[in-house]
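One structure is given below, encoded as C-alpha cells.
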Amino acid sequence: MATPDHIALTLARHGLRHTPMRRAVLAVLFSKSFALSSNDIEQALEADTDRITLYRTLRTFEQKGVIHRVLDSSDVIRFAACAATCTEQAHADDHVHFKCSVCQHTYCLNQVAIPVVQLPGGFQATHRDYLMSGVCQQCHTQ
C-alpha cells in the first residue's frame, strides 16, 4: 500500500500537479501487485469518477514515465507503475511480464530482464515485450 508521501513524491518527481484523480489512480495502482486495466482502475475509484479524466490521467502518466503498458494474451491494455528511475525520456521497465492462467493477473517481474535477442539484418526493434504464462506464486501455493 502506498503512503500519501510516496504518491506525492512520485507526482513531484515527474513534475505533475497533485490532483485528486492523480492521487487516487496512483493509490489504486500502488495497492496491487499486478497490472490493472482502465476498467479495473475505474471500478476501484469512487462511483462518480469521470471516465474522461481517468483516461487523460492514464495517458499523462504513461507519457511522463509514471506507468507503463503491460501487454498480455488478451486484447485488454493493462497498466502498472514504472520503476522509480523511469522518466519521460527513458524507461527502465525492460522486464518480463507473467500472466497467471489461474487468476488471470499479469505481473511485472522487475527482477527478470528481457533476454537479448539478435535480430536479422535490416530489422530494428523500437519496443520490446516479453510475456510468459503459467501459474503465479500465490495460485501455486493454494
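Ordered as shown in the C-alpha cells, chains take letters A, B, and onward, while each chain numbers its residues from 1 and ligands are numbered from 1 in the order shown.
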
Compile the contact shell of range 39-52 of chain A as a list in words: residues with an atom at most 8 Å away, counting only C-alpha atoms, same-chain residues fewer than 5 positions apart removed.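 Neighbouring residues, sequence-local ones excluded: Ala24, Val25, Val28 and Leu29 of chain A.
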
Write the residues of the selection above to a file with all heavy atoms, as a short mmCIF file (atom, residue, chain, number, x, y, z; two decimals), in the first residue's frame.
data_model
loop_
_atom_site.label_atom_id
_atom_site.label_comp_id
_atom_site.auth_asym_id
_atom_site.auth_seq_id
_atom_site.Cartn_x
_atom_site.Cartn_y
_atom_site.Cartn_z
N ALA A 24 -5.63 9.44 -6.56
CA ALA A 24 -6.48 8.24 -6.44
C ALA A 24 -6.00 7.13 -7.37
O ALA A 24 -5.94 5.96 -6.97
CB ALA A 24 -7.93 8.61 -6.74
N VAL A 25 -5.65 7.48 -8.60
CA VAL A 25 -5.20 6.47 -9.56
C VAL A 25 -3.89 5.84 -9.08
O VAL A 25 -3.72 4.62 -9.12
CB VAL A 25 -5.05 7.06 -10.98
CG1 VAL A 25 -4.32 6.10 -11.91
CG2 VAL A 25 -6.43 7.42 -11.54
N VAL A 28 -4.51 3.37 -6.29
CA VAL A 28 -5.04 2.10 -6.79
C VAL A 28 -3.91 1.27 -7.39
O VAL A 28 -3.75 0.09 -7.08
CB VAL A 28 -6.16 2.32 -7.81
CG1 VAL A 28 -6.54 1.03 -8.52
CG2 VAL A 28 -7.39 2.93 -7.15
N LEU A 29 -3.12 1.89 -8.26
CA LEU A 29 -2.03 1.14 -8.92
C LEU A 29 -1.00 0.64 -7.92
O LEU A 29 -0.51 -0.49 -8.04
CB LEU A 29 -1.36 2.00 -9.98
CG LEU A 29 -2.16 2.21 -11.26
CD1 LEU A 29 -1.55 3.32 -12.11
CD2 LEU A 29 -2.26 0.92 -12.04
#

For this session: Compile the contact shell of Ile77 in chain A as a PyMOL selection string: residues with an atom at most 10 Å away, counting only C-alpha atoms, same-chain residues fewer than 5 positions apart removed.
Result: chain A and resi 35-39+69-72

What would the file look like if the residues just selected were written as a short mmCIF file (atom, residue, chain, number, x, y, z; two decimals), in the first residue's frame with N, CA, C and O atoms?
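Produced file selection-v5.cif, reproduced below:
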data_model
loop_
_atom_site.label_atom_id
_atom_site.label_comp_id
_atom_site.auth_asym_id
_atom_site.auth_seq_id
_atom_site.Cartn_x
_atom_site.Cartn_y
_atom_site.Cartn_z
N ALA A 35 -0.82 -5.87 -12.83
CA ALA A 35 -1.26 -4.80 -13.72
C ALA A 35 -2.79 -4.72 -13.74
O ALA A 35 -3.48 -5.74 -13.61
N LEU A 36 -3.29 -3.52 -13.95
CA LEU A 36 -4.74 -3.27 -13.94
C LEU A 36 -5.18 -2.64 -15.26
O LEU A 36 -4.47 -1.79 -15.81
N SER A 37 -6.36 -3.00 -15.71
CA SER A 37 -6.95 -2.36 -16.87
C SER A 37 -7.56 -1.03 -16.44
O SER A 37 -7.77 -0.79 -15.24
N SER A 38 -7.88 -0.19 -17.39
CA SER A 38 -8.54 1.07 -17.05
C SER A 38 -9.88 0.80 -16.38
O SER A 38 -10.29 1.52 -15.46
N ASN A 39 -10.56 -0.27 -16.79
CA ASN A 39 -11.83 -0.64 -16.17
C ASN A 39 -11.62 -1.07 -14.71
O ASN A 39 -12.40 -0.71 -13.83
N ARG A 69 2.50 0.38 -20.08
CA ARG A 69 1.51 -0.58 -20.55
C ARG A 69 2.06 -1.98 -20.37
O ARG A 69 3.24 -2.24 -20.58
N VAL A 70 1.16 -2.86 -20.02
CA VAL A 70 1.51 -4.28 -19.85
C VAL A 70 0.66 -5.06 -20.83
O VAL A 70 -0.57 -5.03 -20.75
N LEU A 71 1.31 -5.69 -21.78
CA LEU A 71 0.59 -6.49 -22.76
C LEU A 71 0.52 -7.92 -22.26
O LEU A 71 1.49 -8.46 -21.73
N ASP A 72 -0.66 -8.52 -22.43
CA ASP A 72 -0.78 -9.93 -22.11
C ASP A 72 -1.50 -10.61 -23.27
O ASP A 72 -1.61 -10.04 -24.34
#

Open item on the list: One decimal, in Å: what's the spacing between CA of Glu62 in chain A and CA of Thr3 in chain A?
Closed with: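 Between these atoms lies a distance of 21.0 Å.
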
Write out as a list in words each polymer residue whose atoms come within 12 Å of range 113-127 of chain A, counting only C-alpha atoms; drop sequence neighbours fewer than 5 positions from it.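 Residues near the query, excluding close chain neighbours: Arg69, Leu71, His91, Ala92, Asp93, Asp94, His95, Val96, His97, Phe98, Cys108 and Met132 of chain A.
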
(Q) Going by DSSP on the backbone, which residues of chain A come out as strand (DSSP E)? List them as a VMD selection string. (A) chain A and resid 36 to 37 67 to 70 78 to 81 95 to 100 106 to 113 131 to 134

Pairwise distance, CA of Ala83 in chain A with CA of Thr53 in chain A, equals 23.8 Å

Find the residues near Cys86 in chain A: any atom within 12 Å, counting only C-alpha atoms, skip ones fewer than 6 places away on the same chain, and give them as a compact mmCIF listing (two decimals) with all heavy atoms, in the first residue's frame.
# COMPACT_ATOMS: atom_id res chain seq x y z
N THR A 10 6.08 10.73 -5.98
CA THR A 10 6.01 10.26 -7.37
C THR A 10 5.52 11.38 -8.27
O THR A 10 6.10 11.62 -9.34
CB THR A 10 5.08 9.03 -7.47
OG1 THR A 10 5.61 7.98 -6.66
CG2 THR A 10 4.95 8.56 -8.91
N ARG A 13 8.26 14.07 -8.52
CA ARG A 13 9.42 13.61 -9.30
C ARG A 13 9.16 13.73 -10.80
O ARG A 13 10.08 13.96 -11.58
CB ARG A 13 9.75 12.17 -8.92
CG ARG A 13 11.02 11.65 -9.54
CD ARG A 13 11.47 10.28 -9.05
NE ARG A 13 10.43 9.28 -9.10
CZ ARG A 13 9.88 8.67 -8.04
NH1 ARG A 13 10.28 8.97 -6.82
NH2 ARG A 13 8.95 7.77 -8.19
N HIS A 14 7.91 13.60 -11.20
CA HIS A 14 7.56 13.67 -12.63
C HIS A 14 6.99 15.04 -13.02
O HIS A 14 6.52 15.21 -14.14
CB HIS A 14 6.57 12.56 -12.97
CG HIS A 14 7.18 11.21 -12.85
ND1 HIS A 14 7.97 10.66 -13.83
CD2 HIS A 14 7.15 10.29 -11.86
CE1 HIS A 14 8.39 9.47 -13.46
NE2 HIS A 14 7.91 9.23 -12.26
N PHE A 61 0.18 9.92 -17.28
CA PHE A 61 1.10 9.09 -16.52
C PHE A 61 2.00 8.27 -17.43
O PHE A 61 3.19 8.12 -17.18
CB PHE A 61 0.33 8.15 -15.58
CG PHE A 61 -0.17 8.79 -14.32
CD1 PHE A 61 -0.95 8.06 -13.44
CD2 PHE A 61 0.12 10.11 -13.98
CE1 PHE A 61 -1.41 8.62 -12.25
CE2 PHE A 61 -0.34 10.68 -12.81
CZ PHE A 61 -1.11 9.93 -11.94
N GLU A 62 1.43 7.74 -18.50
CA GLU A 62 2.24 6.95 -19.42
C GLU A 62 3.26 7.83 -20.14
O GLU A 62 4.43 7.46 -20.26
CB GLU A 62 1.32 6.25 -20.43
CG GLU A 62 2.04 5.23 -21.26
CD GLU A 62 1.12 4.44 -22.17
OE1 GLU A 62 -0.07 4.79 -22.32
OE2 GLU A 62 1.61 3.46 -22.75
N GLN A 63 2.85 9.00 -20.58
CA GLN A 63 3.76 9.91 -21.27
C GLN A 63 4.88 10.39 -20.37
O GLN A 63 6.01 10.58 -20.82
CB GLN A 63 2.99 11.12 -21.80
CG GLN A 63 2.06 10.80 -22.94
CD GLN A 63 1.14 11.97 -23.29
OE1 GLN A 63 0.95 12.91 -22.51
NE2 GLN A 63 0.54 11.90 -24.48
N LYS A 64 4.61 10.56 -19.09
CA LYS A 64 5.60 11.09 -18.15
C LYS A 64 6.47 10.00 -17.51
O LYS A 64 7.35 10.30 -16.71
CB LYS A 64 4.90 11.89 -17.04
CG LYS A 64 4.25 13.16 -17.53
CD LYS A 64 5.28 14.18 -17.93
CE LYS A 64 4.67 15.52 -18.20
NZ LYS A 64 5.68 16.53 -18.52
N GLY A 65 6.21 8.73 -17.82
CA GLY A 65 7.02 7.66 -17.26
C GLY A 65 6.62 7.24 -15.87
O GLY A 65 7.41 6.65 -15.14
N VAL A 66 5.37 7.52 -15.49
CA VAL A 66 4.87 7.11 -14.18
C VAL A 66 4.36 5.67 -14.24
O VAL A 66 4.52 4.90 -13.30
CB VAL A 66 3.74 8.05 -13.70
CG1 VAL A 66 3.18 7.61 -12.36
CG2 VAL A 66 4.24 9.49 -13.63
N ILE A 67 3.72 5.32 -15.36
CA ILE A 67 3.19 3.97 -15.56
C ILE A 67 3.63 3.46 -16.93
O ILE A 67 4.08 4.23 -17.78
CB ILE A 67 1.64 3.92 -15.47
CG1 ILE A 67 0.99 4.77 -16.57
CG2 ILE A 67 1.18 4.34 -14.08
CD1 ILE A 67 -0.53 4.66 -16.63
N HIS A 68 3.51 2.16 -17.13
CA HIS A 68 3.77 1.58 -18.44
C HIS A 68 2.66 0.60 -18.79
O HIS A 68 1.98 0.09 -17.92
CB HIS A 68 5.14 0.91 -18.51
CG HIS A 68 5.28 -0.30 -17.62
ND1 HIS A 68 5.52 -0.20 -16.27
CD2 HIS A 68 5.21 -1.61 -17.88
CE1 HIS A 68 5.61 -1.41 -15.75
NE2 HIS A 68 5.40 -2.30 -16.71
N ALA A 92 13.00 2.35 -17.60
CA ALA A 92 13.86 1.27 -17.13
C ALA A 92 13.00 0.03 -16.90
O ALA A 92 13.28 -0.77 -16.03
CB ALA A 92 14.56 1.69 -15.84
N ASP A 93 11.94 -0.11 -17.68
CA ASP A 93 10.99 -1.19 -17.46
C ASP A 93 11.10 -2.30 -18.50
O ASP A 93 10.11 -2.87 -18.91
CB ASP A 93 9.55 -0.63 -17.44
CG ASP A 93 9.26 0.10 -16.15
OD1 ASP A 93 9.54 -0.48 -15.09
OD2 ASP A 93 8.78 1.23 -16.21
N ASP A 94 12.31 -2.61 -18.91
CA ASP A 94 12.51 -3.75 -19.81
C ASP A 94 12.59 -5.01 -18.98
O ASP A 94 13.68 -5.53 -18.69
CB ASP A 94 13.80 -3.57 -20.63
CG ASP A 94 13.57 -2.70 -21.84
OD1 ASP A 94 12.41 -2.41 -22.16
OD2 ASP A 94 14.56 -2.32 -22.48
